[in-house]
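Contents: one structure, followed by commentary.
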Amino acid sequence: MTSSLILALALLSWGMDPAPGPSVPFWWTAYPEADNTMLVNPAGTSWLHGSRFRIGAVFSDSTFEHFDRFTLEDKSGGFTGWWEDNQNLRRFTTSGSFQIGSNLSAGLGYTWYDPTIKNHAQEGEKFFTMGLNLRPDDHIGFGVTGRTSTGDIESCYITGIALRPFGDESVTLTGDYRFQSDNVSSRWAAGAEVRVIDGLTFRGSYSENDMISAGIQLDFGKAGISAGSDISDGNYLGTTVELIMNQYSQPSLIQPLPDFLSYSTNHGDELPSRSFLGPRNPSFTTQMNAIAQGTNDPDIKGLMVDFSDYSLSGAQAEELRAIMIDYRSNGKPVYAYMEYAGKGSYYTASAARSICVHKAGQISVSGFTGYTYFLRGLLDNIGVYPDLMHIGAYKSFSDMLTEYEISDAQIEATTALLESFKAEIVRGISEGRGLEPAQMSVLFEQSPFAGESMVRMGLVDTLLYKDQFQEFIEDELGHSISTMNPIYYSNLPAASSNWGTDPRVAVVIADGNITGGYSGSSLLGRTMGSQTVIEMLEQAANTRGVEAIVLRINSGGGEAMASDDMFHAVENIRESMPVVVSMGSVAASGGYYMACGADAIFADKLTVTGSIGIISGKIVYGELLERIGINVEKIEIRPAGFPGNPYEPYTEEQYERHFEAMQEGYNLFVQTVSEGREMTFDQVDQIGQGRVWSGADAVEIGLVDFNGGVVDAITYAANLAEMNENPEIVVFPELSGFGTISLLPSGLSTLDEIKSITDDPFLNSQGPLYLAPVIVTD
């Protein structure tokens, strides 16, 4: 191709914009993502799902001429360059975009011609392009751009419309109009895009003066190729071809996505995390939502779960198990691989179609035993006096410091908790594996089991090594399978770009011991700062497209005022949208306080909740100081007294006054719950008194509305907000940068072998709300 023809292509194929530059066959102002988004309408990049890199070349007939452009763009904007060395012309554009509300985006582009190129009309010229893109729903979009003038390049104003008759990417119709200004004539154009099958797209456009463009795009997952040819007045001008690299896979023409999800239970943290320079670990909520997306997806044929490194709590195990059952209810097989199994992991795996265990593995499903410890004797020996008080006969957290042995009230509450947990685990295992009561008794009494005895008893289906797991599945199904990680699967875009904004449910994760201020960590675990949670709730409520919020709580309690502040924040947000609570492993005391005002509360059957009561007081270590040679002298004036000092116990009068203040706090707690749950004060007081309840029992007594996990809570919240069946989910907090470095696990984290429900023992005089400590062994 001659250099003059190349320049003609650069000038003419811009079609709607007469400024010299790269050919853009499909200049669709309302749908700029079909071609070079930044050049057509800089507002359009905000609709992209992720980053994409494009490198282009020009052809004449079937002859390759040269590469002449590159583009890097993502949701926030990008950079593109174009060069035509035969004409000594180079042009560069950078742009930025942002969204305004749910359906409007705005962008600004800055273009300059290389100032080092001499003796050319565009030498050093520069201009701005401003754009707006409005997509009110899935069927229609509008676009408008305006460019400033520079040198002999006139200002230019273009508006466009795009229609999607079926509300999806199958057919898109476009129309554009360039307004007359100075030496730029008016011009109209019309175009169409048709997605015939996955990975195959045809495009065409026609404008005044018989300018015709026709093109095709082929997608192969993360890679693709597009081509567009231009004809003007019957003369072939050339073809532009671009290679495209996408951050996320697109529907492929030749290679379908993997058909099985493969999930590992090695990360059950409620919050996202990342060790220093390590991989990102998504939150438990994100993982469960990703797996659940495959339940009704016809392209996902089944689920593989690897229990080798198990880190889920009992409640989390219940949530995963429920999703596994949903897969099987939809006719999709679920397979489990295990090395060692305890009650929690085996309870979950029992929902699988087949359980495969390592040849050297074993199953240890023992009975149910709870332990609690008492430190009063130790404190006496070292000269520390726990001057603590509590309201609620079952509010036994302080007993570990004030008493020498367990109380009848704590025995009663813990026994009921264990009985409830046992009922659910026995039910799940017996239903999942088809075991009779007599077999369940053997399972608990004669555990552990190893080798072929596990197969003979019907506890597992086969023994094999981990590298044989997928082969076993393929042999059983009679065909090969391919797998992908659920997080990767959930990040795959349903369309190449956003068109309008689907309604969203925001999930705010509140995890740790409750304190005022901002979240962090203490020597005993993670802290949940009320200010952090409040700000996340407000951010979620103000996020584009969010119409409902799920508050995921995993906390045994903490400061009363901080709990009340978060309860108040939930109240405020409920005025504009539904708020549904999902309880994790534990949501008790202050954790229940912040939840009780929600539109609905979900808890797993194995969740620990309740503990409506108050503990307060101080730790007195004056005698300890004296024993180690530290003398503390007191100087006071009238009125005298510092009741909170750690050197001497409360006087009788101080104790009474402090207890009266605590009683007011307890009354506020009970009254808040009674209003939030629409119960009388006496009804709440009767089931309160500091007693903890399982999620199953909490439904029966009215503290919780439904048994279910975070996925169930999301579905319920979407229904309250009258959304569609598959709302988009956005999770707070989001992890960025290097992430968090956890020095210690959460004080409320639990493992399969030891499930610990504990809380921070450092009490203060503000009236913290704490859950009674108990260790439940597997």
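Ordered as shown in the structure tokens, chains take letters A, B, and onward, while each chain numbers its residues from 1 and ligands are numbered from 1 in the order shown.
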
**OP:** Write out as a ChimeraX atom specification all residues of range 125-300 of chain A that backbone DSSP assigns to strand (DSSP E).
**Re:** /A:126-137,140-147,156-163,171-178,187-197,200-207,211-220,223-232,235-246,260-264

Subject >> Selection near Gly44 in chain A, 10 Å with only C-alpha atoms, sequence-local residues under 6 positions removed, as a PyMOL selection string >> reply: chain A and resi 29-34+36-38+74-77+96-99+104-107+131-134+143+497-498

Original post:
In Å, with one decimal, what is the gap from CA of Glu656 in chain A to CA of Gly617 in chain A?
Top reply: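 Atom-to-atom, CA of Glu656 in chain A and CA of Gly617 in chain A are spaced 11.6 Å apart.
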
Subject >> Spatial neighbours of Ser262 in chain A, max dist 6 Å, only C-alpha atoms, sep filter under 5 positions, as a list in words >> reply: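 The residues that qualify are Met304, Val305, Thr483, Met484 and Asn485 of chain A.
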
Store the residues picked out above, limited to all heavy atoms, as a PDB file, in the first residue's frame.
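Output contents, as saved in result23.pdb:
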```pdb
ATOM      1  N   MET A 304     -15.636 -30.464  43.118  1.00  0.00           N
ATOM      2  CA  MET A 304     -14.646 -31.250  43.831  1.00  0.00           C
ATOM      3  C   MET A 304     -14.225 -30.459  45.069  1.00  0.00           C
ATOM      4  O   MET A 304     -13.926 -29.266  44.963  1.00  0.00           O
ATOM      5  CB  MET A 304     -13.413 -31.511  42.961  1.00  0.00           C
ATOM      6  CG  MET A 304     -13.692 -32.279  41.697  1.00  0.00           C
ATOM      7  SD  MET A 304     -12.276 -32.217  40.533  1.00  0.00           S
ATOM      8  CE  MET A 304     -10.932 -32.788  41.564  1.00  0.00           C
ATOM      9  N   VAL A 305     -14.189 -31.114  46.228  1.00  0.00           N
ATOM     10  CA  VAL A 305     -13.788 -30.447  47.465  1.00  0.00           C
ATOM     11  C   VAL A 305     -12.616 -31.211  48.073  1.00  0.00           C
ATOM     12  O   VAL A 305     -12.715 -32.418  48.328  1.00  0.00           O
ATOM     13  CB  VAL A 305     -14.945 -30.365  48.472  1.00  0.00           C
ATOM     14  CG1 VAL A 305     -14.503 -29.576  49.710  1.00  0.00           C
ATOM     15  CG2 VAL A 305     -16.169 -29.710  47.842  1.00  0.00           C
ATOM     16  N   THR A 483     -11.038 -28.569  35.503  1.00  0.00           N
ATOM     17  CA  THR A 483     -11.415 -27.871  36.730  1.00  0.00           C
ATOM     18  C   THR A 483     -10.902 -26.433  36.741  1.00  0.00           C
ATOM     19  O   THR A 483      -9.928 -26.089  36.059  1.00  0.00           O
ATOM     20  CB  THR A 483     -10.869 -28.591  37.969  1.00  0.00           C
ATOM     21  OG1 THR A 483      -9.430 -28.526  37.958  1.00  0.00           O
ATOM     22  CG2 THR A 483     -11.301 -30.046  37.985  1.00  0.00           C
ATOM     23  N   MET A 484     -11.551 -25.617  37.549  1.00  0.00           N
ATOM     24  CA  MET A 484     -11.075 -24.258  37.805  1.00  0.00           C
ATOM     25  C   MET A 484     -11.440 -23.861  39.223  1.00  0.00           C
ATOM     26  O   MET A 484     -12.369 -24.407  39.832  1.00  0.00           O
ATOM     27  CB  MET A 484     -11.654 -23.261  36.801  1.00  0.00           C
ATOM     28  CG  MET A 484     -13.155 -23.143  36.783  1.00  0.00           C
ATOM     29  SD  MET A 484     -13.715 -21.906  35.568  1.00  0.00           S
ATOM     30  CE  MET A 484     -15.451 -22.347  35.391  1.00  0.00           C
ATOM     31  N   ASN A 485     -10.691 -22.906  39.733  1.00  0.00           N
ATOM     32  CA  ASN A 485     -10.907 -22.382  41.075  1.00  0.00           C
ATOM     33  C   ASN A 485     -12.205 -21.575  41.123  1.00  0.00           C
ATOM     34  O   ASN A 485     -12.484 -20.795  40.202  1.00  0.00           O
ATOM     35  CB  ASN A 485      -9.712 -21.505  41.457  1.00  0.00           C
ATOM     36  CG  ASN A 485      -9.805 -20.954  42.849  1.00  0.00           C
ATOM     37  OD1 ASN A 485     -10.532 -19.997  43.086  1.00  0.00           O
ATOM     38  ND2 ASN A 485      -9.081 -21.537  43.764  1.00  0.00           N
TER      39      ASN A 485
END
```

Original post:
From the list A:Asp35, A:Tyr263, A:Thr295, A:Asp168, which residue is nearest Ile216 in chain A when using only C-alpha atoms?
Top reply: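 Under the stated criterion, the closest residue is A:Asp35.
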
What's the 8 Å shell around range 182-189 of chain A, counting only C-alpha atoms, without same-chain residues fewer than 6 positions away, as an mmCIF file with C-alpha atoms, in the first residue's frame?
```cif
data_model
loop_
_atom_site.group_PDB
_atom_site.id
_atom_site.type_symbol
_atom_site.label_atom_id
_atom_site.label_comp_id
_atom_site.auth_asym_id
_atom_site.auth_seq_id
_atom_site.Cartn_x
_atom_site.Cartn_y
_atom_site.Cartn_z
ATOM 1 C CA MET A 16 -16.937 10.556 12.572
ATOM 2 C CA PRO A 18 -11.642 14.132 10.989
ATOM 3 C CA GLU A 154 -11.486 21.868 14.340
ATOM 4 C CA CYS A 156 -15.958 18.269 16.947
ATOM 5 C CA GLY A 175 -26.639 5.397 15.495
ATOM 6 C CA ASP A 176 -24.310 8.415 15.596
ATOM 7 C CA SER A 205 -21.558 0.187 9.844
ATOM 8 C CA TYR A 206 -22.656 2.610 7.151
ATOM 9 C CA SER A 207 -22.358 6.378 7.051
ATOM 10 C CA GLU A 208 -22.955 9.223 4.663
#
```

**OP:** Determine, counting only C-alpha atoms, which protein, DNA and RNA residues have an atom within 10 Å of an atom of Gly204 in chain A; residues of the same chain fewer than 4 positions away are not included. Present the result as an MDAnalysis selection string.
**Re:** chainID A and resid 25:26 173 190:194 212:216 228:230

Using the selection just defined, write its residues with N, CA, C and O atoms as a short mmCIF file (atom, residue, chain, number, x, y, z; two decimals), in the first residue's frame.
```cif
data_model
loop_
_atom_site.label_atom_id
_atom_site.label_comp_id
_atom_site.auth_asym_id
_atom_site.auth_seq_id
_atom_site.Cartn_x
_atom_site.Cartn_y
_atom_site.Cartn_z
N PRO A 25 -12.71 1.56 12.69
CA PRO A 25 -13.83 1.23 11.80
C PRO A 25 -15.20 1.41 12.45
O PRO A 25 -16.17 1.72 11.74
N PHE A 26 -15.28 1.20 13.78
CA PHE A 26 -16.61 1.21 14.39
C PHE A 26 -16.65 2.29 15.47
O PHE A 26 -16.37 2.05 16.65
N LEU A 173 -27.56 -2.37 18.14
CA LEU A 173 -27.77 -1.45 17.03
C LEU A 173 -27.31 -0.05 17.45
O LEU A 173 -27.57 0.37 18.58
N ALA A 190 -24.77 4.62 10.99
CA ALA A 190 -25.53 3.58 11.67
C ALA A 190 -24.71 2.30 11.65
O ALA A 190 -23.93 2.05 10.73
N GLY A 191 -24.88 1.48 12.70
CA GLY A 191 -24.10 0.25 12.77
C GLY A 191 -24.85 -0.85 13.49
O GLY A 191 -25.91 -0.63 14.10
N ALA A 192 -24.28 -2.04 13.42
CA ALA A 192 -24.88 -3.21 14.09
C ALA A 192 -23.78 -4.18 14.48
O ALA A 192 -22.77 -4.32 13.78
N GLU A 193 -24.00 -4.85 15.60
CA GLU A 193 -23.11 -5.91 16.06
C GLU A 193 -23.97 -7.12 16.39
O GLU A 193 -25.00 -7.00 17.07
N VAL A 194 -23.53 -8.30 15.94
CA VAL A 194 -24.28 -9.53 16.18
C VAL A 194 -23.33 -10.58 16.74
O VAL A 194 -22.28 -10.87 16.13
N ILE A 212 -18.48 2.41 4.23
CA ILE A 212 -18.93 1.14 4.77
C ILE A 212 -17.77 0.47 5.52
O ILE A 212 -16.63 0.45 5.04
N SER A 213 -18.08 -0.05 6.70
CA SER A 213 -17.09 -0.81 7.47
C SER A 213 -17.70 -2.16 7.83
O SER A 213 -18.88 -2.25 8.18
N ALA A 214 -16.90 -3.21 7.72
CA ALA A 214 -17.34 -4.55 8.09
C ALA A 214 -16.22 -5.24 8.86
O ALA A 214 -15.04 -5.05 8.53
N GLY A 215 -16.61 -6.00 9.89
CA GLY A 215 -15.57 -6.61 10.70
C GLY A 215 -16.02 -7.86 11.42
O GLY A 215 -17.21 -8.21 11.42
N ILE A 216 -15.05 -8.51 12.04
CA ILE A 216 -15.29 -9.75 12.77
C ILE A 216 -14.38 -9.77 13.98
O ILE A 216 -13.28 -9.19 13.96
N GLY A 228 -11.34 -5.13 10.99
CA GLY A 228 -12.34 -4.26 10.39
C GLY A 228 -11.83 -3.70 9.08
O GLY A 228 -10.70 -3.19 9.01
N SER A 229 -12.63 -3.81 8.04
CA SER A 229 -12.24 -3.30 6.71
C SER A 229 -13.11 -2.10 6.35
O SER A 229 -14.30 -2.05 6.72
N ASP A 230 -12.52 -1.16 5.57
CA ASP A 230 -13.22 0.06 5.19
C ASP A 230 -13.31 0.19 3.68
O ASP A 230 -12.33 -0.08 2.95
#
```

Subject >> A:Arg657, A:Arg135, A:Lys126, A:Arg574 ranked by distance to Gly151 in chain A, top pick (using only C-alpha atoms) >> reply: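 For Gly151 in chain A, the nearest of the given residues is A:Lys126.
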
Original post:
What lies within 9 Å of Thr286 in chain A using only C-alpha atoms, ignoring chain neighbours under 5 positions off, as a PyMOL selection string?
Top reply: chain A and resi 272+291+487+729-731

Which residues, written as a PDB file with N, CA, C and O atoms, in the first residue's frame, have at least one atom at most 8 Å from range 577-581 of chain A, with only C-alpha atoms counted and residues fewer than 3 positions away on the same chain left out?
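Saved as out_24.pdb:
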```pdb
ATOM      1  N   ALA A 541     -23.568   1.268  51.709  1.00  0.00           N
ATOM      2  CA  ALA A 541     -24.872   1.855  51.395  1.00  0.00           C
ATOM      3  C   ALA A 541     -24.776   2.890  50.282  1.00  0.00           C
ATOM      4  O   ALA A 541     -25.751   3.112  49.550  1.00  0.00           O
ATOM      5  N   GLU A 547     -28.477  -2.180  46.780  1.00  0.00           N
ATOM      6  CA  GLU A 547     -29.863  -2.000  47.203  1.00  0.00           C
ATOM      7  C   GLU A 547     -30.189  -2.771  48.478  1.00  0.00           C
ATOM      8  O   GLU A 547     -31.299  -2.679  48.989  1.00  0.00           O
ATOM      9  N   ALA A 548     -29.239  -3.542  48.982  1.00  0.00           N
ATOM     10  CA  ALA A 548     -29.439  -4.272  50.234  1.00  0.00           C
ATOM     11  C   ALA A 548     -28.068  -4.609  50.804  1.00  0.00           C
ATOM     12  O   ALA A 548     -27.083  -4.701  50.072  1.00  0.00           O
ATOM     13  N   ILE A 549     -28.019  -4.788  52.124  1.00  0.00           N
ATOM     14  CA  ILE A 549     -26.758  -5.082  52.804  1.00  0.00           C
ATOM     15  C   ILE A 549     -26.932  -6.330  53.660  1.00  0.00           C
ATOM     16  O   ILE A 549     -27.948  -6.488  54.345  1.00  0.00           O
ATOM     17  N   VAL A 550     -25.939  -7.208  53.598  1.00  0.00           N
ATOM     18  CA  VAL A 550     -25.831  -8.325  54.531  1.00  0.00           C
ATOM     19  C   VAL A 550     -24.663  -8.036  55.463  1.00  0.00           C
ATOM     20  O   VAL A 550     -23.544  -7.792  55.005  1.00  0.00           O
ATOM     21  N   LEU A 551     -24.927  -8.026  56.752  1.00  0.00           N
ATOM     22  CA  LEU A 551     -23.890  -7.814  57.757  1.00  0.00           C
ATOM     23  C   LEU A 551     -23.482  -9.174  58.311  1.00  0.00           C
ATOM     24  O   LEU A 551     -24.255  -9.834  59.001  1.00  0.00           O
ATOM     25  N   ARG A 552     -22.291  -9.599  57.990  1.00  0.00           N
ATOM     26  CA  ARG A 552     -21.761 -10.889  58.434  1.00  0.00           C
ATOM     27  C   ARG A 552     -21.001 -10.672  59.748  1.00  0.00           C
ATOM     28  O   ARG A 552     -19.982 -10.002  59.783  1.00  0.00           O
ATOM     29  N   ILE A 553     -21.515 -11.258  60.835  1.00  0.00           N
ATOM     30  CA  ILE A 553     -20.949 -11.021  62.167  1.00  0.00           C
ATOM     31  C   ILE A 553     -20.302 -12.304  62.683  1.00  0.00           C
ATOM     32  O   ILE A 553     -20.924 -13.363  62.695  1.00  0.00           O
ATOM     33  N   VAL A 570     -26.826   0.355  61.905  1.00  0.00           N
ATOM     34  CA  VAL A 570     -27.739  -0.537  61.175  1.00  0.00           C
ATOM     35  C   VAL A 570     -29.130   0.081  61.110  1.00  0.00           C
ATOM     36  O   VAL A 570     -29.788   0.042  60.060  1.00  0.00           O
ATOM     37  N   ILE A 573     -29.223   2.805  58.382  1.00  0.00           N
ATOM     38  CA  ILE A 573     -29.177   2.306  57.011  1.00  0.00           C
ATOM     39  C   ILE A 573     -30.493   1.628  56.635  1.00  0.00           C
ATOM     40  O   ILE A 573     -30.930   1.683  55.476  1.00  0.00           O
ATOM     41  N   ARG A 574     -31.156   1.021  57.603  1.00  0.00           N
ATOM     42  CA  ARG A 574     -32.436   0.370  57.317  1.00  0.00           C
ATOM     43  C   ARG A 574     -33.491   1.351  56.820  1.00  0.00           C
ATOM     44  O   ARG A 574     -34.478   0.936  56.208  1.00  0.00           O
ATOM     45  N   ALA A 595     -26.646  -7.036  66.075  1.00  0.00           N
ATOM     46  CA  ALA A 595     -27.435  -7.727  65.057  1.00  0.00           C
ATOM     47  C   ALA A 595     -28.937  -7.594  65.246  1.00  0.00           C
ATOM     48  O   ALA A 595     -29.697  -7.727  64.290  1.00  0.00           O
ATOM     49  N   ALA A 598     -31.712  -5.805  62.847  1.00  0.00           N
ATOM     50  CA  ALA A 598     -31.749  -6.028  61.404  1.00  0.00           C
ATOM     51  C   ALA A 598     -33.133  -6.472  60.942  1.00  0.00           C
ATOM     52  O   ALA A 598     -33.977  -6.898  61.747  1.00  0.00           O
ATOM     53  N   ASP A 599     -33.368  -6.390  59.641  1.00  0.00           N
ATOM     54  CA  ASP A 599     -34.644  -6.839  59.079  1.00  0.00           C
ATOM     55  C   ASP A 599     -34.837  -8.337  59.264  1.00  0.00           C
ATOM     56  O   ASP A 599     -35.974  -8.801  59.388  1.00  0.00           O
ATOM     57  N   ALA A 600     -33.753  -9.085  59.260  1.00  0.00           N
ATOM     58  CA  ALA A 600     -33.818 -10.529  59.484  1.00  0.00           C
ATOM     59  C   ALA A 600     -32.451 -11.002  59.934  1.00  0.00           C
ATOM     60  O   ALA A 600     -31.423 -10.403  59.601  1.00  0.00           O
ATOM     61  N   ILE A 601     -32.429 -12.089  60.705  1.00  0.00           N
ATOM     62  CA  ILE A 601     -31.184 -12.660  61.201  1.00  0.00           C
ATOM     63  C   ILE A 601     -31.108 -14.123  60.778  1.00  0.00           C
ATOM     64  O   ILE A 601     -32.034 -14.895  61.039  1.00  0.00           O
ATOM     65  N   PHE A 602     -29.993 -14.480  60.130  1.00  0.00           N
ATOM     66  CA  PHE A 602     -29.700 -15.865  59.769  1.00  0.00           C
ATOM     67  C   PHE A 602     -28.567 -16.370  60.654  1.00  0.00           C
ATOM     68  O   PHE A 602     -27.588 -15.658  60.896  1.00  0.00           O
ATOM     69  N   ALA A 713     -28.581 -15.655  53.351  1.00  0.00           N
ATOM     70  CA  ALA A 713     -28.862 -14.274  53.760  1.00  0.00           C
ATOM     71  C   ALA A 713     -28.825 -13.335  52.569  1.00  0.00           C
ATOM     72  O   ALA A 713     -29.638 -12.405  52.468  1.00  0.00           O
ATOM     73  N   ILE A 714     -27.882 -13.563  51.643  1.00  0.00           N
ATOM     74  CA  ILE A 714     -27.799 -12.728  50.443  1.00  0.00           C
ATOM     75  C   ILE A 714     -29.060 -12.885  49.600  1.00  0.00           C
ATOM     76  O   ILE A 714     -29.636 -11.898  49.114  1.00  0.00           O
ATOM     77  N   TYR A 716     -32.018 -13.788  50.588  1.00  0.00           N
ATOM     78  CA  TYR A 716     -33.148 -13.182  51.307  1.00  0.00           C
ATOM     79  C   TYR A 716     -33.112 -11.657  51.185  1.00  0.00           C
ATOM     80  O   TYR A 716     -34.148 -11.014  50.957  1.00  0.00           O
ATOM     81  N   ALA A 717     -31.919 -11.066  51.337  1.00  0.00           N
ATOM     82  CA  ALA A 717     -31.790  -9.608  51.221  1.00  0.00           C
ATOM     83  C   ALA A 717     -32.178  -9.144  49.826  1.00  0.00           C
ATOM     84  O   ALA A 717     -32.839  -8.107  49.658  1.00  0.00           O
ATOM     85  N   LEU A 720     -35.893  -9.111  49.603  1.00  0.00           N
ATOM     86  CA  LEU A 720     -36.464  -7.955  50.297  1.00  0.00           C
ATOM     87  C   LEU A 720     -36.372  -6.703  49.445  1.00  0.00           C
ATOM     88  O   LEU A 720     -37.266  -5.851  49.465  1.00  0.00           O
ATOM     89  N   ALA A 721     -35.277  -6.583  48.700  1.00  0.00           N
ATOM     90  CA  ALA A 721     -35.080  -5.411  47.851  1.00  0.00           C
ATOM     91  C   ALA A 721     -35.703  -5.581  46.469  1.00  0.00           C
ATOM     92  O   ALA A 721     -35.537  -4.714  45.609  1.00  0.00           O
TER      93      ALA A 721
END
```

Restrict the calculation to only C-alpha atoms, then for each residue of range 343-438 of chain A with any atom at most 7 Å from an atom of range 684-698 of chain A give the closest atom pair and their distance in Å to one decimal, rows by chain and rising residue number, as a tab-separated table.
```
residue	atom	partner	partner_atom	distance
A:Ile391	CA	A:Gln689	CA	6.8
A:Gly392	CA	A:Gln689	CA	3.5
A:Ala393	CA	A:Gln689	CA	5.5
A:Tyr394	CA	A:Gly690	CA	4.7
A:Lys395	CA	A:Gly690	CA	3.9
A:Ala413	CA	A:Arg691	CA	6.5
A:Leu417	CA	A:Ser694	CA	5.8
A:Ser420	CA	A:Ser694	CA	6.5
```

Export, as an mmCIF file, in the first residue's frame, the selected residues with all heavy atoms.
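And here's again_11.cif as it stands now:
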```
data_model
loop_
_atom_site.group_PDB
_atom_site.id
_atom_site.type_symbol
_atom_site.label_atom_id
_atom_site.label_comp_id
_atom_site.auth_asym_id
_atom_site.auth_seq_id
_atom_site.Cartn_x
_atom_site.Cartn_y
_atom_site.Cartn_z
ATOM 1 N N ILE A 391 -24.216 -9.451 85.315
ATOM 2 C CA ILE A 391 -25.676 -9.488 85.380
ATOM 3 C C ILE A 391 -26.141 -10.566 84.421
ATOM 4 O O ILE A 391 -25.833 -10.538 83.229
ATOM 5 C CB ILE A 391 -26.295 -8.133 85.012
ATOM 6 C CG1 ILE A 391 -25.905 -7.079 86.055
ATOM 7 C CG2 ILE A 391 -27.816 -8.242 84.897
ATOM 8 C CD1 ILE A 391 -26.464 -5.705 85.772
ATOM 9 N N GLY A 392 -26.861 -11.525 84.949
ATOM 10 C CA GLY A 392 -27.297 -12.687 84.198
ATOM 11 C C GLY A 392 -26.730 -13.930 84.832
ATOM 12 O O GLY A 392 -25.502 -14.094 84.930
ATOM 13 N N ALA A 393 -27.620 -14.820 85.271
ATOM 14 C CA ALA A 393 -27.169 -16.019 85.974
ATOM 15 C C ALA A 393 -26.253 -16.876 85.112
ATOM 16 O O ALA A 393 -25.385 -17.597 85.639
ATOM 17 C CB ALA A 393 -28.387 -16.842 86.409
ATOM 18 N N TYR A 394 -26.416 -16.799 83.767
ATOM 19 C CA TYR A 394 -25.612 -17.626 82.865
ATOM 20 C C TYR A 394 -24.418 -16.866 82.293
ATOM 21 O O TYR A 394 -23.659 -17.421 81.502
ATOM 22 C CB TYR A 394 -26.471 -18.128 81.702
ATOM 23 C CG TYR A 394 -27.613 -19.015 82.124
ATOM 24 C CD1 TYR A 394 -28.868 -18.475 82.390
ATOM 25 C CD2 TYR A 394 -27.446 -20.393 82.251
ATOM 26 C CE1 TYR A 394 -29.927 -19.282 82.777
ATOM 27 C CE2 TYR A 394 -28.494 -21.209 82.634
ATOM 28 C CZ TYR A 394 -29.732 -20.647 82.898
ATOM 29 O OH TYR A 394 -30.782 -21.452 83.280
ATOM 30 N N LYS A 395 -24.257 -15.612 82.667
ATOM 31 C CA LYS A 395 -23.166 -14.799 82.114
ATOM 32 C C LYS A 395 -21.878 -15.189 82.830
ATOM 33 O O LYS A 395 -21.430 -14.535 83.779
ATOM 34 C CB LYS A 395 -23.469 -13.314 82.305
ATOM 35 C CG LYS A 395 -22.571 -12.401 81.473
ATOM 36 C CD LYS A 395 -22.903 -12.482 79.998
ATOM 37 C CE LYS A 395 -22.123 -11.446 79.197
ATOM 38 N NZ LYS A 395 -22.395 -11.519 77.767
ATOM 39 N N ALA A 413 -26.122 -24.634 80.514
ATOM 40 C CA ALA A 413 -26.046 -23.988 79.207
ATOM 41 C C ALA A 413 -25.110 -24.738 78.264
ATOM 42 O O ALA A 413 -25.432 -24.946 77.082
ATOM 43 C CB ALA A 413 -25.572 -22.541 79.369
ATOM 44 N N LEU A 417 -25.912 -26.735 74.721
ATOM 45 C CA LEU A 417 -25.191 -26.377 73.507
ATOM 46 C C LEU A 417 -24.611 -27.626 72.840
ATOM 47 O O LEU A 417 -24.758 -27.828 71.628
ATOM 48 C CB LEU A 417 -24.073 -25.388 73.860
ATOM 49 C CG LEU A 417 -23.484 -24.532 72.740
ATOM 50 C CD1 LEU A 417 -24.536 -23.593 72.147
ATOM 51 C CD2 LEU A 417 -22.302 -23.723 73.271
ATOM 52 N N SER A 420 -27.313 -29.772 71.227
ATOM 53 C CA SER A 420 -27.797 -29.213 69.968
ATOM 54 C C SER A 420 -26.796 -29.472 68.847
ATOM 55 O O SER A 420 -27.177 -29.839 67.726
ATOM 56 C CB SER A 420 -28.037 -27.706 70.120
ATOM 57 O OG SER A 420 -28.545 -27.150 68.930
#
```

**OP:** Find the distance between CA of Glu722 in chain A and CA of Ala315 in chain A and write it in Å to one decimal.
**Re:**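 So the two atoms, CA of Glu722 in chain A and CA of Ala315 in chain A, lie 28.2 Å apart.
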
**OP:** Pick out the closest residue to Ser170 in chain A from this set: A:Thr111, A:Gln539, A:Ser496, A:Asn554. Count only C-alpha atoms.
**Re:**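 So, comparing all the options, the nearest one is A:Ser496.
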
Subject >> Distance criterion (only C-alpha atoms): nearest to Glu675 in chain A out of A:Gly109, A:Pro503, A:Gly597, A:Pro386 >> reply: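 When distances to Glu675 in chain A are compared using only C-alpha atoms, the smallest one comes from A:Gly597.
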
**OP:** Run DSSP on the backbone of this structure and report the residues of range 41-184 of chain A it assigns to helix (DSSP H, G or I), as a count of residues only.
**Re:** 9

Original post:
Looking at A:Glu636, A:Glu169, A:Asp461, A:Glu471, which one is nearest to Ile140 in chain A, with distances taken over only C-alpha atoms?
Top reply: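 Among the listed residues, the smallest separation from Ile140 in chain A belongs to A:Glu169.
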
Original post:
Between A:Gln87, A:Gln217, A:Asn296, A:Ser407, which has the minimum distance to Lys118 in chain A (counting only C-alpha atoms)?
Top reply: A:Gln87

Original post:
At what distance in Å, to one decimal, does CA of Asn266 in chain A lie from CA of Asp309 in chain A?
Top reply: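 Pair CA of Asp309 in chain A / CA of Asn266 in chain A returns 4.9 Å.
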